$ cat upload33.pdb   # PDB, C-alpha atoms, pLDDT in the B column
MODEL        1
ATOM      1  CA  MET A 110     174.425  16.956 130.962  1.00 46.00           C
ATOM      2  CA  ASN A 111     175.674  16.023 134.397  1.00 55.00           C
ATOM      3  CA  ARG A 112     173.767  13.421 136.333  1.00 60.00           C
ATOM      4  CA  PRO A 113     172.108  14.802 139.470  1.00 66.00           C
ATOM      5  CA  SER A 114     174.097  14.154 142.621  1.00 78.00           C
ATOM      6  CA  GLU A 115     172.998  11.172 144.664  1.00 87.00           C
ATOM      7  CA  VAL A 116     174.028  12.730 147.958  1.00 94.00           C
ATOM      8  CA  LYS A 117     171.570  11.740 150.677  1.00 96.00           C
ATOM      9  CA  VAL A 118     171.331  13.156 154.189  1.00 97.00           C
ATOM     10  CA  THR A 119     171.005  10.254 156.629  1.00 97.00           C
ATOM     11  CA  LEU A 120     171.195  12.147 159.917  1.00 97.00           C
ATOM     12  CA  ALA A 121     170.529  15.725 160.928  1.00 98.00           C
ATOM     13  CA  LEU A 122     169.812  16.730 164.502  1.00 97.00           C
ATOM     14  CA  LEU A 123     170.394  19.141 167.338  1.00 95.00           C
ATOM     15  CA  ALA A 124     171.956  17.804 170.495  1.00 93.00           C
ATOM     16  CA  ARG A 125     173.277  18.743 173.878  1.00 89.00           C
ATOM     17  CA  TYR A 126     176.676  17.606 172.716  1.00 89.00           C
ATOM     18  CA  ALA A 127     178.040  16.290 169.425  1.00 90.00           C
ATOM     19  CA  GLU A 128     181.535  15.762 168.139  1.00 87.00           C
ATOM     20  CA  VAL A 129     183.545  13.697 165.736  1.00 84.00           C
ATOM     21  CA  ALA A 130     186.303  11.992 167.694  1.00 80.00           C
ATOM     22  CA  PRO A 131     189.454  13.259 165.956  1.00 73.00           C
ATOM     23  CA  ASP A 132     191.304   9.957 166.281  1.00 72.00           C
ATOM     24  CA  SER A 133     188.632   7.611 164.999  1.00 75.00           C
ATOM     25  CA  GLY A 134     186.308   9.852 163.022  1.00 77.00           C
ATOM     26  CA  LEU A 135     183.372   8.340 164.918  1.00 84.00           C
ATOM     27  CA  LEU A 136     180.367  10.349 166.061  1.00 89.00           C
ATOM     28  CA  ASN A 137     179.778  11.003 169.745  1.00 90.00           C
ATOM     29  CA  ILE A 138     176.308  12.436 170.381  1.00 93.00           C
ATOM     30  CA  VAL A 139     174.724  13.137 173.756  1.00 91.00           C
ATOM     31  CA  GLY A 140     171.120  14.260 174.065  1.00 90.00           C
ATOM     32  CA  GLY A 141     170.494  14.070 170.339  1.00 93.00           C
ATOM     33  CA  GLY A 142     167.118  14.866 168.803  1.00 94.00           C
ATOM     34  CA  ILE A 143     166.141  18.057 170.629  1.00 94.00           C
ATOM     35  CA  ASP A 144     163.133  19.481 168.819  1.00 94.00           C
ATOM     36  CA  VAL A 145     161.336  21.697 171.316  1.00 94.00           C
ATOM     37  CA  PHE A 146     162.598  24.766 173.129  1.00 93.00           C
ATOM     38  CA  GLY A 147     161.007  26.758 175.904  1.00 92.00           C
ATOM     39  CA  VAL A 148     162.285  30.313 176.024  1.00 92.00           C
ATOM     40  CA  ALA A 149     161.667  33.067 178.561  1.00 91.00           C
ATOM     41  CA  ARG A 150     161.742  35.888 176.021  1.00 91.00           C
ATOM     42  CA  LEU A 151     161.878  36.632 172.332  1.00 93.00           C
ATOM     43  CA  PRO A 152     163.921  37.183 170.324  1.00 94.00           C
ATOM     44  CA  VAL A 153     166.634  34.970 171.717  1.00 92.00           C
ATOM     45  CA  ARG A 154     169.865  33.508 170.429  1.00 91.00           C
ATOM     46  CA  PHE A 155     171.506  30.457 171.853  1.00 91.00           C
ATOM     47  CA  PRO A 156     174.173  27.896 170.962  1.00 90.00           C
ATOM     48  CA  MET A 157     173.504  24.226 170.332  1.00 91.00           C
ATOM     49  CA  ALA A 158     175.502  21.278 169.164  1.00 91.00           C
ATOM     50  CA  PHE A 159     174.500  19.647 165.894  1.00 94.00           C
ATOM     51  CA  ALA A 160     175.295  16.605 163.820  1.00 96.00           C
ATOM     52  CA  LEU A 161     174.863  16.080 160.096  1.00 97.00           C
ATOM     53  CA  GLN A 162     175.730  12.945 158.215  1.00 96.00           C
ATOM     54  CA  PHE A 163     175.313  12.263 154.533  1.00 96.00           C
ATOM     55  CA  ARG A 164     176.190   9.517 152.098  1.00 95.00           C
ATOM     56  CA  TYR A 165     177.561   9.926 148.616  1.00 94.00           C
ATOM     57  CA  PRO A 166     178.336   7.570 145.748  1.00 94.00           C
ATOM     58  CA  GLN A 167     181.867   6.347 145.215  1.00 92.00           C
ATOM     59  CA  GLU A 168     182.244   8.300 141.971  1.00 93.00           C
ATOM     60  CA  GLU A 169     181.531  11.545 143.841  1.00 93.00           C
ATOM     61  CA  SER A 170     184.473  11.121 146.208  1.00 92.00           C
ATOM     62  CA  GLY A 171     186.671  14.207 146.086  1.00 91.00           C
ATOM     63  CA  VAL A 172     183.889  16.452 144.822  1.00 91.00           C
ATOM     64  CA  PRO A 173     183.647  19.688 146.855  1.00 92.00           C
ATOM     65  CA  ARG A 174     180.215  20.250 148.366  1.00 93.00           C
ATOM     66  CA  GLU A 175     178.622  23.526 149.365  1.00 95.00           C
ATOM     67  CA  ILE A 176     176.428  23.070 152.407  1.00 96.00           C
ATOM     68  CA  THR A 177     173.954  25.775 153.367  1.00 97.00           C
ATOM     69  CA  PHE A 178     172.076  26.086 156.661  1.00 98.00           C
ATOM     70  CA  ALA A 179     169.091  28.438 156.920  1.00 98.00           C
ATOM     71  CA  THR A 180     166.407  28.745 159.584  1.00 98.00           C
ATOM     72  CA  ARG A 181     162.789  29.437 158.618  1.00 98.00           C
ATOM     73  CA  ASP A 182     159.917  30.218 160.945  1.00 97.00           C
ATOM     74  CA  ARG A 183     156.327  28.993 160.726  1.00 96.00           C
ATOM     75  CA  ARG A 184     155.613  31.545 157.995  1.00 96.00           C
ATOM     76  CA  LEU A 185     158.565  30.127 156.045  1.00 95.00           C
ATOM     77  CA  GLU A 186     160.419  33.396 156.445  1.00 96.00           C
ATOM     78  CA  ILE A 187     164.168  33.300 156.958  1.00 97.00           C
ATOM     79  CA  VAL A 188     165.229  33.996 160.534  1.00 97.00           C
ATOM     80  CA  GLY A 189     168.734  35.349 161.035  1.00 96.00           C
ATOM     81  CA  GLN A 190     171.200  34.828 158.209  1.00 97.00           C
ATOM     82  CA  PRO A 191     171.784  31.692 156.124  1.00 97.00           C
ATOM     83  CA  THR A 192     175.360  30.501 155.893  1.00 96.00           C
ATOM     84  CA  THR A 193     177.298  28.312 153.474  1.00 96.00           C
ATOM     85  CA  PHE A 194     180.498  26.355 153.916  1.00 95.00           C
ATOM     86  CA  GLU A 195     182.417  23.894 151.766  1.00 94.00           C
ATOM     87  CA  VAL A 196     183.582  20.372 152.506  1.00 92.00           C
ATOM     88  CA  THR A 197     185.223  17.756 150.298  1.00 91.00           C
ATOM     89  CA  PRO A 198     184.274  14.173 151.197  1.00 92.00           C
ATOM     90  CA  ARG A 199     186.831  11.534 150.276  1.00 89.00           C
ATOM     91  CA  LEU A 200     186.658   7.782 150.613  1.00 88.00           C
ATOM     92  CA  SER A 201     189.238   6.321 152.940  1.00 81.00           C
ATOM     93  CA  GLU A 202     191.540   3.436 152.099  1.00 80.00           C
ATOM     94  CA  TYR A 203     189.040   1.023 153.627  1.00 81.00           C
ATOM     95  CA  HIS A 204     186.134   0.781 151.245  1.00 85.00           C
ATOM     96  CA  ALA A 205     184.753  -1.907 149.018  1.00 88.00           C
ATOM     97  CA  GLU A 206     183.977  -1.333 145.366  1.00 91.00           C
ATOM     98  CA  GLY A 207     180.704   0.564 145.056  1.00 91.00           C
ATOM     99  CA  TRP A 208     180.699   1.657 148.686  1.00 90.00           C
ATOM    100  CA  ARG A 209     178.694   4.797 149.366  1.00 92.00           C
ATOM    101  CA  GLY A 210     180.880   7.092 151.407  1.00 92.00           C
ATOM    102  CA  ILE A 211     179.760   8.599 154.709  1.00 91.00           C
ATOM    103  CA  PHE A 212     180.649  12.147 155.657  1.00 93.00           C
ATOM    104  CA  ALA A 213     179.903  13.660 159.055  1.00 92.00           C
ATOM    105  CA  VAL A 214     179.716  17.290 160.106  1.00 93.00           C
ATOM    106  CA  THR A 215     179.438  18.347 163.726  1.00 92.00           C
ATOM    107  CA  GLY A 216     180.113  21.422 165.760  1.00 90.00           C
ATOM    108  CA  ARG A 217     178.394  24.387 167.250  1.00 90.00           C
ATOM    109  CA  ILE A 218     175.456  26.198 165.736  1.00 93.00           C
ATOM    110  CA  ASP A 219     174.238  29.566 166.995  1.00 94.00           C
ATOM    111  CA  LEU A 220     170.493  29.839 166.518  1.00 95.00           C
ATOM    112  CA  VAL A 221     168.245  32.861 166.662  1.00 94.00           C
ATOM    113  CA  VAL A 222     164.466  32.688 167.043  1.00 95.00           C
ATOM    114  CA  GLU A 223     162.097  35.638 166.968  1.00 96.00           C
ATOM    115  CA  SER A 224     158.700  33.980 167.320  1.00 96.00           C
ATOM    116  CA  THR A 225     156.964  30.957 168.749  1.00 96.00           C
ATOM    117  CA  GLY A 226     155.858  27.964 166.718  1.00 97.00           C
ATOM    118  CA  THR A 227     157.380  25.603 164.237  1.00 97.00           C
ATOM    119  CA  HIS A 228     160.809  26.315 162.802  1.00 98.00           C
ATOM    120  CA  SER A 229     163.061  24.398 160.489  1.00 98.00           C
ATOM    121  CA  ILE A 230     166.751  24.498 159.758  1.00 98.00           C
ATOM    122  CA  GLY A 231     166.916  23.707 156.072  1.00 98.00           C
ATOM    123  CA  ILE A 232     170.018  21.937 154.805  1.00 98.00           C
ATOM    124  CA  GLN A 233     170.983  22.433 151.185  1.00 97.00           C
ATOM    125  CA  ILE A 234     173.815  20.607 149.498  1.00 96.00           C
ATOM    126  CA  ASP A 235     174.967  22.259 146.282  1.00 95.00           C
ATOM    127  CA  GLY A 236     171.813  24.342 146.214  1.00 95.00           C
ATOM    128  CA  MET A 237     169.390  21.447 146.549  1.00 95.00           C
ATOM    129  CA  GLU A 238     167.269  20.880 149.630  1.00 96.00           C
ATOM    130  CA  ARG A 239     168.569  17.633 151.135  1.00 96.00           C
ATOM    131  CA  GLY A 240     167.350  17.654 154.696  1.00 97.00           C
ATOM    132  CA  ASP A 241     166.064  19.652 157.604  1.00 97.00           C
ATOM    133  CA  ILE A 242     166.082  19.880 161.379  1.00 98.00           C
ATOM    134  CA  PRO A 243     162.605  20.846 162.576  1.00 97.00           C
ATOM    135  CA  PHE A 244     162.024  22.327 166.021  1.00 96.00           C
ATOM    136  CA  GLN A 245     159.342  24.171 167.985  1.00 96.00           C
ATOM    137  CA  VAL A 246     159.539  27.219 170.214  1.00 95.00           C
ATOM    138  CA  PHE A 247     157.308  28.009 173.187  1.00 94.00           C
ATOM    139  CA  LEU A 248     157.291  30.963 175.559  1.00 93.00           C
ATOM    140  CA  VAL A 249     157.446  29.762 179.148  1.00 90.00           C
ATOM    141  CA  ASP A 250     157.535  31.264 182.591  1.00 82.00           C
ATOM    142  CA  SER A 251     161.197  31.120 183.526  1.00 71.00           C
ATOM    143  CA  ASN A 252     160.315  30.922 187.226  1.00 68.00           C
ATOM    144  CA  ASN A 253     158.445  27.650 187.113  1.00 57.00           C
ATOM    145  CA  GLY A 254     159.169  26.398 183.632  1.00 50.00           C
ATOM    146  CA  GLU A 255     155.480  26.135 182.754  1.00 50.00           C
ATOM    147  CA  GLN A 256     154.225  26.916 179.326  1.00 52.00           C
ATOM    148  CA  GLY A 257     153.100  30.519 178.984  1.00 50.00           C
ATOM    149  CA  GLN A 258     152.100  30.794 175.371  1.00 53.00           C
ATOM    150  CA  ASN A 259     151.133  28.257 172.802  1.00 51.00           C
ATOM    151  CA  GLY A 260     153.673  27.790 170.064  1.00 52.00           C
ATOM    152  CA  SER A 261     151.155  27.085 167.338  1.00 49.00           C
TER     153      SER A 261
ATOM    154  CA  MET B  44     181.840 -18.517 171.312  1.00 53.00           C
ATOM    155  CA  SER B  45     184.578 -16.562 169.618  1.00 54.00           C
ATOM    156  CA  ASP B  46     187.682 -15.598 171.477  1.00 63.00           C
ATOM    157  CA  HIS B  47     188.261 -11.928 172.161  1.00 69.00           C
ATOM    158  CA  LYS B  48     191.194 -11.947 169.797  1.00 71.00           C
ATOM    159  CA  ASP B  49     188.811 -12.927 166.991  1.00 76.00           C
ATOM    160  CA  ARG B  50     186.935  -9.695 167.360  1.00 75.00           C
ATOM    161  CA  PRO B  51     187.104  -7.697 164.130  1.00 71.00           C
ATOM    162  CA  GLN B  52     189.392  -4.747 164.161  1.00 69.00           C
ATOM    163  CA  GLU B  53     187.558  -1.471 163.796  1.00 65.00           C
ATOM    164  CA  LEU B  54     188.662   0.215 160.621  1.00 63.00           C
ATOM    165  CA  SER B  55     186.462   3.256 160.633  1.00 57.00           C
ATOM    166  CA  SER B  56     185.530   4.339 157.155  1.00 53.00           C
ATOM    167  CA  ALA B  57     184.731   7.708 158.670  1.00 49.00           C
ATOM    168  CA  ARG B  58     188.344   8.317 159.630  1.00 53.00           C
ATOM    169  CA  GLY B  59     189.405  11.637 158.213  1.00 57.00           C
ATOM    170  CA  ASN B  60     186.054  11.941 156.532  1.00 84.00           C
ATOM    171  CA  PHE B  61     184.460  14.581 158.648  1.00 87.00           C
ATOM    172  CA  ALA B  62     184.355  18.285 159.264  1.00 89.00           C
ATOM    173  CA  VAL B  63     183.957  20.252 162.448  1.00 88.00           C
ATOM    174  CA  VAL B  64     182.151  23.485 161.708  1.00 90.00           C
ATOM    175  CA  ARG B  65     181.217  26.540 163.679  1.00 90.00           C
ATOM    176  CA  ILE B  66     177.919  27.851 162.279  1.00 94.00           C
ATOM    177  CA  ASP B  67     176.440  31.198 163.221  1.00 95.00           C
ATOM    178  CA  LEU B  68     172.927  31.668 161.866  1.00 96.00           C
ATOM    179  CA  VAL B  69     172.719  35.043 163.591  1.00 95.00           C
ATOM    180  CA  THR B  70     175.463  36.648 161.517  1.00 95.00           C
ATOM    181  CA  GLY B  71     175.557  34.198 158.608  1.00 96.00           C
ATOM    182  CA  GLN B  72     179.184  33.294 159.272  1.00 95.00           C
ATOM    183  CA  SER B  73     180.530  29.751 159.281  1.00 93.00           C
ATOM    184  CA  ARG B  74     184.011  28.393 159.753  1.00 90.00           C
ATOM    185  CA  VAL B  75     185.284  24.930 158.913  1.00 89.00           C
ATOM    186  CA  LEU B  76     187.839  23.596 161.385  1.00 84.00           C
ATOM    187  CA  ASN B  77     189.444  20.675 159.669  1.00 73.00           C
ATOM    188  CA  ASP B  78     192.818  19.938 161.107  1.00 66.00           C
ATOM    189  CA  ALA B  79     193.262  17.934 164.264  1.00 63.00           C
ATOM    190  CA  ASP B  80     194.201  20.891 166.463  1.00 67.00           C
ATOM    191  CA  SER B  81     191.267  23.026 165.478  1.00 72.00           C
ATOM    192  CA  ALA B  82     188.958  20.002 165.601  1.00 70.00           C
ATOM    193  CA  GLN B  83     189.981  19.683 169.222  1.00 74.00           C
ATOM    194  CA  GLU B  84     189.327  23.396 169.668  1.00 74.00           C
ATOM    195  CA  ALA B  85     185.874  22.984 168.161  1.00 72.00           C
ATOM    196  CA  ALA B  86     185.183  20.008 170.401  1.00 74.00           C
ATOM    197  CA  GLU B  87     186.058  22.154 173.398  1.00 75.00           C
ATOM    198  CA  ALA B  88     183.820  24.944 172.092  1.00 71.00           C
ATOM    199  CA  THR B  89     181.025  22.425 171.677  1.00 73.00           C
ATOM    200  CA  ARG B  90     181.462  21.291 175.262  1.00 72.00           C
ATOM    201  CA  ARG B  91     181.328  24.881 176.476  1.00 70.00           C
ATOM    202  CA  ALA B  92     178.218  25.507 174.392  1.00 66.00           C
ATOM    203  CA  ALA B  93     176.370  22.443 175.613  1.00 67.00           C
ATOM    204  CA  LEU B  94     173.347  24.073 177.193  1.00 64.00           C
ATOM    205  CA  LYS B  95     175.247  25.766 179.981  1.00 62.00           C
ATOM    206  CA  ASN B  96     174.984  29.315 178.769  1.00 57.00           C
ATOM    207  CA  ASP B  97     172.562  31.706 180.500  1.00 62.00           C
ATOM    208  CA  ASP B  98     171.089  32.462 177.106  1.00 60.00           C
ATOM    209  CA  VAL B  99     169.932  28.928 176.470  1.00 67.00           C
ATOM    210  CA  PRO B 100     166.232  28.133 176.579  1.00 75.00           C
ATOM    211  CA  VAL B 101     164.428  27.346 179.813  1.00 78.00           C
ATOM    212  CA  PHE B 102     164.132  23.839 178.513  1.00 78.00           C
ATOM    213  CA  ALA B 103     165.126  21.838 175.485  1.00 80.00           C
ATOM    214  CA  SER B 104     163.829  18.360 174.847  1.00 84.00           C
ATOM    215  CA  SER B 105     162.150  16.064 172.403  1.00 83.00           C
ATOM    216  CA  ALA B 106     158.444  16.543 171.826  1.00 71.00           C
ATOM    217  CA  SER B 107     157.733  13.145 170.370  1.00 64.00           C
TER     218      SER B 107
ENDMDL
END
$ encode --input "upload33.pdb" --output "structure tokens"
Amino acid sequence: MNRPSEVKVTLALLARYAEVAPDSGLLNIVGGGIDVFGVARLPVRFPMAFALQFRYPQEESGVPREITFATRDRRLEIVGQPTTFEVTPRLSEYHAEGWRGIFAVTGRIDLVVESTGTHSIGIQIDGMERGDIPFQVFLVDSNNGEQGQNGS
Amino acid sequence: MSDHKDRPQELSSARGNFAVVRIDLVTGQSRVLNDADSAQEAAEATRRAALKNDDVPVFASSAS
């Protein structure tokens, strides 16, 4: 029987801007950690930047990983459509014996919300829940930006 | 105090160990952009998407 994967999500967040610098592979994140949105109407869809980073054991280098993102609302119902993509983390030439590799994923994520309250973007790796990005949604008056409806 | 030339050289272990992905949770579509050219394209798309669209929320911040 295969040993369970030791993949561990170490960072997962929404941001105003996030990228992996192509030359260095380093993360550039601006305005990271957004977890509350005020919206003028519902439903609404909007783009955000995101960053995900996970670590994996040396022996799992080169193993393809299926990563699934899915948004749930406060009733734990799926909002929009989940999506899955595949990546294959590989250790670079610079790693010590036993080093746990680090793999980063950034880009654009289009979100849709249909109700106020707590939401969560669940992150599964190979079908197992490994992390999440929680956020809240409030209805606000777009003219003055004040809260119009409680998100609870 | 160490001289500037003694500063360790950065040998990023993350080099080449990343993916740039376009995720659409409205349609359920996602696209991995791995090569350097498309990574640059995705970076540009990220810049364009960075809370400048009319569809973005009235505000977005951290609650804690």
$ resolve_selection --input "upload33.pdb" --expression "the PyMOL selection byres ((chain A and resi 242) around 12)" --output "short mmCIF file (atom, residue, chain, number, x, y, z; two decimals) with C-alpha atoms, in the coordinates of the input"
data_model
loop_
_atom_site.label_atom_id
_atom_site.label_comp_id
_atom_site.auth_asym_id
_atom_site.auth_seq_id
_atom_site.Cartn_x
_atom_site.Cartn_y
_atom_site.Cartn_z
CA VAL A 118 171.33 13.16 154.19
CA THR A 119 171.00 10.25 156.63
CA LEU A 120 171.20 12.15 159.92
CA ALA A 121 170.53 15.72 160.93
CA LEU A 122 169.81 16.73 164.50
CA LEU A 123 170.39 19.14 167.34
CA ALA A 124 171.96 17.80 170.50
CA GLY A 141 170.49 14.07 170.34
CA GLY A 142 167.12 14.87 168.80
CA ILE A 143 166.14 18.06 170.63
CA ASP A 144 163.13 19.48 168.82
CA VAL A 145 161.34 21.70 171.32
CA PHE A 159 174.50 19.65 165.89
CA ALA A 160 175.30 16.60 163.82
CA LEU A 161 174.86 16.08 160.10
CA PHE A 178 172.08 26.09 156.66
CA ALA A 179 169.09 28.44 156.92
CA THR A 180 166.41 28.74 159.58
CA ARG A 181 162.79 29.44 158.62
CA THR A 227 157.38 25.60 164.24
CA HIS A 228 160.81 26.32 162.80
CA SER A 229 163.06 24.40 160.49
CA ILE A 230 166.75 24.50 159.76
CA GLY A 231 166.92 23.71 156.07
CA ILE A 232 170.02 21.94 154.80
CA GLN A 233 170.98 22.43 151.18
CA GLU A 238 167.27 20.88 149.63
CA ARG A 239 168.57 17.63 151.14
CA GLY A 240 167.35 17.65 154.70
CA ASP A 241 166.06 19.65 157.60
CA PRO A 243 162.60 20.85 162.58
CA PHE A 244 162.02 22.33 166.02
CA GLN A 245 159.34 24.17 167.98
#
$ closest_atom_pairs --input "upload33.pdb" --of "chain A" --to "chain B" --cutoff "8 Å" --atoms "all atoms listed in the file" --output "JSON lines"
{"residue": "A:Arg125", "atom": "CA", "partner": "B:Ala93", "partner_atom": "CA", "distance": 5.1}
{"residue": "A:Tyr126", "atom": "CA", "partner": "B:Ala93", "partner_atom": "CA", "distance": 5.6}
{"residue": "A:Ala127", "atom": "CA", "partner": "B:Thr89", "partner_atom": "CA", "distance": 7.2}
{"residue": "A:Glu128", "atom": "CA", "partner": "B:Ala86", "partner_atom": "CA", "distance": 6.0}
{"residue": "A:Val129", "atom": "CA", "partner": "B:Phe61", "partner_atom": "CA", "distance": 7.2}
{"residue": "A:Pro131", "atom": "CA", "partner": "B:Ala79", "partner_atom": "CA", "distance": 6.3}
{"residue": "A:Asp132", "atom": "CA", "partner": "B:Arg58", "partner_atom": "CA", "distance": 7.5}
{"residue": "A:Ser133", "atom": "CA", "partner": "B:Arg58", "partner_atom": "CA", "distance": 5.4}
{"residue": "A:Gly134", "atom": "CA", "partner": "B:Arg58", "partner_atom": "CA", "distance": 4.2}
{"residue": "A:Leu135", "atom": "CA", "partner": "B:Ala57", "partner_atom": "CA", "distance": 6.4}
{"residue": "A:Gly142", "atom": "CA", "partner": "B:Ser105", "partner_atom": "CA", "distance": 6.3}
{"residue": "A:Ile143", "atom": "CA", "partner": "B:Ser105", "partner_atom": "CA", "distance": 4.8}
{"residue": "A:Asp144", "atom": "CA", "partner": "B:Ser105", "partner_atom": "CA", "distance": 5.0}
{"residue": "A:Val145", "atom": "CA", "partner": "B:Ser104", "partner_atom": "CA", "distance": 5.5}
{"residue": "A:Phe146", "atom": "CA", "partner": "B:Ala103", "partner_atom": "CA", "distance": 4.5}
{"residue": "A:Gly147", "atom": "CA", "partner": "B:Phe102", "partner_atom": "CA", "distance": 5.0}
{"residue": "A:Val148", "atom": "CA", "partner": "B:Pro100", "partner_atom": "CA", "distance": 4.5}
{"residue": "A:Ala149", "atom": "CA", "partner": "B:Val101", "partner_atom": "CA", "distance": 6.5}
{"residue": "A:Val153", "atom": "CA", "partner": "B:Asp98", "partner_atom": "CA", "distance": 7.4}
{"residue": "A:Arg154", "atom": "CA", "partner": "B:Asp98", "partner_atom": "CA", "distance": 6.9}
{"residue": "A:Phe155", "atom": "CA", "partner": "B:Val99", "partner_atom": "CA", "distance": 5.1}
{"residue": "A:Pro156", "atom": "CA", "partner": "B:Ala92", "partner_atom": "CA", "distance": 5.8}
{"residue": "A:Met157", "atom": "CA", "partner": "B:Ala93", "partner_atom": "CA", "distance": 6.3}
{"residue": "A:Ala158", "atom": "CA", "partner": "B:Thr89", "partner_atom": "CA", "distance": 6.2}
{"residue": "A:Phe178", "atom": "CA", "partner": "B:Leu68", "partner_atom": "CA", "distance": 7.7}
{"residue": "A:Ala179", "atom": "CA", "partner": "B:Leu68", "partner_atom": "CA", "distance": 7.0}
{"residue": "A:Thr180", "atom": "CA", "partner": "B:Leu68", "partner_atom": "CA", "distance": 7.5}
{"residue": "A:Gly189", "atom": "CA", "partner": "B:Val69", "partner_atom": "CA", "distance": 4.7}
{"residue": "A:Gln190", "atom": "CA", "partner": "B:Gly71", "partner_atom": "CA", "distance": 4.4}
{"residue": "A:Pro191", "atom": "CA", "partner": "B:Gly71", "partner_atom": "CA", "distance": 5.2}
{"residue": "A:Thr192", "atom": "CA", "partner": "B:Gly71", "partner_atom": "CA", "distance": 4.6}
{"residue": "A:Thr193", "atom": "CA", "partner": "B:Ser73", "partner_atom": "CA", "distance": 6.8}
{"residue": "A:Phe194", "atom": "CA", "partner": "B:Ser73", "partner_atom": "CA", "distance": 6.3}
{"residue": "A:Glu195", "atom": "CA", "partner": "B:Val75", "partner_atom": "CA", "distance": 7.8}
{"residue": "A:Val196", "atom": "CA", "partner": "B:Ala62", "partner_atom": "CA", "distance": 7.1}
{"residue": "A:Pro198", "atom": "CA", "partner": "B:Asn60", "partner_atom": "CA", "distance": 6.1}
{"residue": "A:Arg199", "atom": "CA", "partner": "B:Asn60", "partner_atom": "CA", "distance": 6.3}
{"residue": "A:Leu200", "atom": "CA", "partner": "B:Asn60", "partner_atom": "CA", "distance": 7.3}
{"residue": "A:Ser201", "atom": "CA", "partner": "B:Ser56", "partner_atom": "CA", "distance": 6.0}
{"residue": "A:Glu202", "atom": "CA", "partner": "B:Ser56", "partner_atom": "CA", "distance": 7.9}
{"residue": "A:Tyr203", "atom": "CA", "partner": "B:Ser56", "partner_atom": "CA", "distance": 6.0}
{"residue": "A:His204", "atom": "CA", "partner": "B:Ser56", "partner_atom": "CA", "distance": 6.9}
{"residue": "A:Gly210", "atom": "CA", "partner": "B:Ser56", "partner_atom": "CA", "distance": 7.9}
{"residue": "A:Ile211", "atom": "CA", "partner": "B:Ala57", "partner_atom": "CA", "distance": 6.4}
{"residue": "A:Phe212", "atom": "CA", "partner": "B:Phe61", "partner_atom": "CA", "distance": 5.4}
{"residue": "A:Ala213", "atom": "CA", "partner": "B:Phe61", "partner_atom": "CA", "distance": 4.7}
{"residue": "A:Val214", "atom": "CA", "partner": "B:Ala62", "partner_atom": "CA", "distance": 4.8}
{"residue": "A:Thr215", "atom": "CA", "partner": "B:Val63", "partner_atom": "CA", "distance": 5.1}
{"residue": "A:Gly216", "atom": "CA", "partner": "B:Val64", "partner_atom": "CA", "distance": 5.0}
{"residue": "A:Arg217", "atom": "CA", "partner": "B:Arg65", "partner_atom": "CA", "distance": 5.0}
{"residue": "A:Ile218", "atom": "CA", "partner": "B:Ile66", "partner_atom": "CA", "distance": 4.6}
{"residue": "A:Asp219", "atom": "CA", "partner": "B:Asp67", "partner_atom": "CA", "distance": 4.7}
{"residue": "A:Leu220", "atom": "CA", "partner": "B:Leu68", "partner_atom": "CA", "distance": 5.6}
{"residue": "A:Val221", "atom": "CA", "partner": "B:Val69", "partner_atom": "CA", "distance": 5.8}
{"residue": "A:Val249", "atom": "CA", "partner": "B:Val101", "partner_atom": "CA", "distance": 7.4}
{"residue": "A:Ser251", "atom": "CA", "partner": "B:Val101", "partner_atom": "CA", "distance": 6.2}
{"residue": "A:Gly254", "atom": "CA", "partner": "B:Val101", "partner_atom": "CA", "distance": 6.6}
$ atom_distance --input "upload33.pdb" --atom1 "CA of Ile176 in chain A" --atom2 "CA of Glu223 in chain A"
24.0 Å
$ atom_distance --input "upload33.pdb" --atom1 "CA of Arg164 in chain A" --atom2 "CA of Ile187 in chain A"
27.1 Å
$ atom_distance --input "upload33.pdb" --atom1 "CA of Thr177 in chain A" --atom2 "CA of Ala130 in chain A"
23.4 Å
$ decode --input "upload33.pdb" --residues "range 217-241 of chain A" --atoms "C-alpha atoms" --output "PDB file, in the first residue's frame"
ATOM      1  CA  ARG A 217      -5.478  34.891 -11.848  1.00  0.00           C
ATOM      2  CA  ILE A 218      -8.575  33.408 -10.297  1.00  0.00           C
ATOM      3  CA  ASP A 219     -12.086  34.382 -11.366  1.00  0.00           C
ATOM      4  CA  LEU A 220     -14.440  34.152  -8.411  1.00  0.00           C
ATOM      5  CA  VAL A 221     -18.207  34.133  -8.310  1.00  0.00           C
ATOM      6  CA  VAL A 222     -20.258  34.804  -5.179  1.00  0.00           C
ATOM      7  CA  GLU A 223     -24.025  34.584  -4.911  1.00  0.00           C
ATOM      8  CA  SER A 224     -24.641  35.358  -1.246  1.00  0.00           C
ATOM      9  CA  THR A 225     -23.237  37.227   1.708  1.00  0.00           C
ATOM     10  CA  GLY A 226     -21.334  35.617   4.552  1.00  0.00           C
ATOM     11  CA  THR A 227     -18.415  33.300   4.951  1.00  0.00           C
ATOM     12  CA  HIS A 228     -16.957  31.551   1.928  1.00  0.00           C
ATOM     13  CA  SER A 229     -13.989  29.300   1.460  1.00  0.00           C
ATOM     14  CA  ILE A 230     -11.915  28.297  -1.515  1.00  0.00           C
ATOM     15  CA  GLY A 231     -11.002  24.715  -0.755  1.00  0.00           C
ATOM     16  CA  ILE A 232      -7.713  23.424  -2.125  1.00  0.00           C
ATOM     17  CA  GLN A 233      -7.395  19.711  -2.753  1.00  0.00           C
ATOM     18  CA  ILE A 234      -4.197  18.029  -3.821  1.00  0.00           C
ATOM     19  CA  ASP A 235      -4.734  14.579  -5.306  1.00  0.00           C
ATOM     20  CA  GLY A 236      -8.245  14.517  -3.908  1.00  0.00           C
ATOM     21  CA  MET A 237      -7.290  15.337  -0.334  1.00  0.00           C
ATOM     22  CA  GLU A 238      -8.190  18.607   1.342  1.00  0.00           C
ATOM     23  CA  ARG A 239      -4.860  20.354   1.940  1.00  0.00           C
ATOM     24  CA  GLY A 240      -5.744  23.971   2.490  1.00  0.00           C
ATOM     25  CA  ASP A 241      -8.251  26.733   2.053  1.00  0.00           C
TER      26      ASP A 241
END
